Amino acid sequence: MWLRCKEIKPNGEVLRTVGIFANPKGSEYLTQWACKKKLSTMDIDAKICYCFHVTRRKLVNFMRQRQPKVPSQLSECGGAGTGCGWCIPFLKQIHKQSDAELEVLTPEEYAQRRAEYIRAGKGKPPPGEEPIYEPTEV
């Protein structure tokens with residue numbers, strides 16, 4: 001049985017919808033867990049490098065086509081990893097398992113962690129590039 005899982009913002013707006021296959025005789029808890037897991041996985045079109053706007057899809061395709069020998073060669077894909085440096089651990093994950101799931105983060109959590117990384121003085125984005133994430137209260 002196919003179910004629709006919706007990620008809903010606090011204001012009630014639907015952020016995105018995903019489909020899962022659930023056993024009709026399965027428990028409600030397992031169905032809720034499956035929905036949460038599916039929604040929390042980083043989307044293929046999620047931005048990995050905020051400095052140069054490189055998506056996971058671009059990086060996965062680059063891996064498939066060019067088969068880089070070391071993670072640093074992913075910088076040839078739109079300059080990924082050459083700005084503030086925040087995405088380098090994720091580039092290493094992509095290189096290690098080209099079509100595997102990244103650490104389970106929502107795009108918002110990913111952006112928030114990048115902001116913390118930059119505020120801690122560990123990296124500096126190029127001038128005029130993606131601003132630091134500022135959470136908004138609803």
# chains A, B, ... in the order shown; residues from 1 in each chain; ligands from 1
$ select_by_dssp --residues "stretch 42-94 of chain A" --states "strand (DSSP E)" --output "NGL selection string"
:A and (47-49 or 54-55)
$ atom_distance --atom1 "atom CA of A:Asn61" --atom2 "atom CA of A:Gln112"
25.9 Å
$ select_by_dssp --residues "stretch 69-109 of chain A" --states "helix (DSSP H, G or I)" --output "list of chain:residue names"
A:Pro71, A:Ser72, A:Gln73, A:Leu74, A:Ser75, A:Glu76, A:Ile88, A:Pro89, A:Phe90, A:Leu91, A:Lys92, A:Gln93, A:Ile94, A:His95, A:Lys96, A:Pro107, A:Glu108, A:Glu109
$ closest_residue --among "A:Ala120, A:Val54, A:Ala46, A:Cys84" --to "A:Leu105" --atoms "only C-alpha atoms"
A:Ala46
$ closest_residue --among "A:Gly83, A:His53, A:Lys96, A:Tyr110" --to "A:Lys122" --atoms "only C-alpha atoms"
A:Gly83
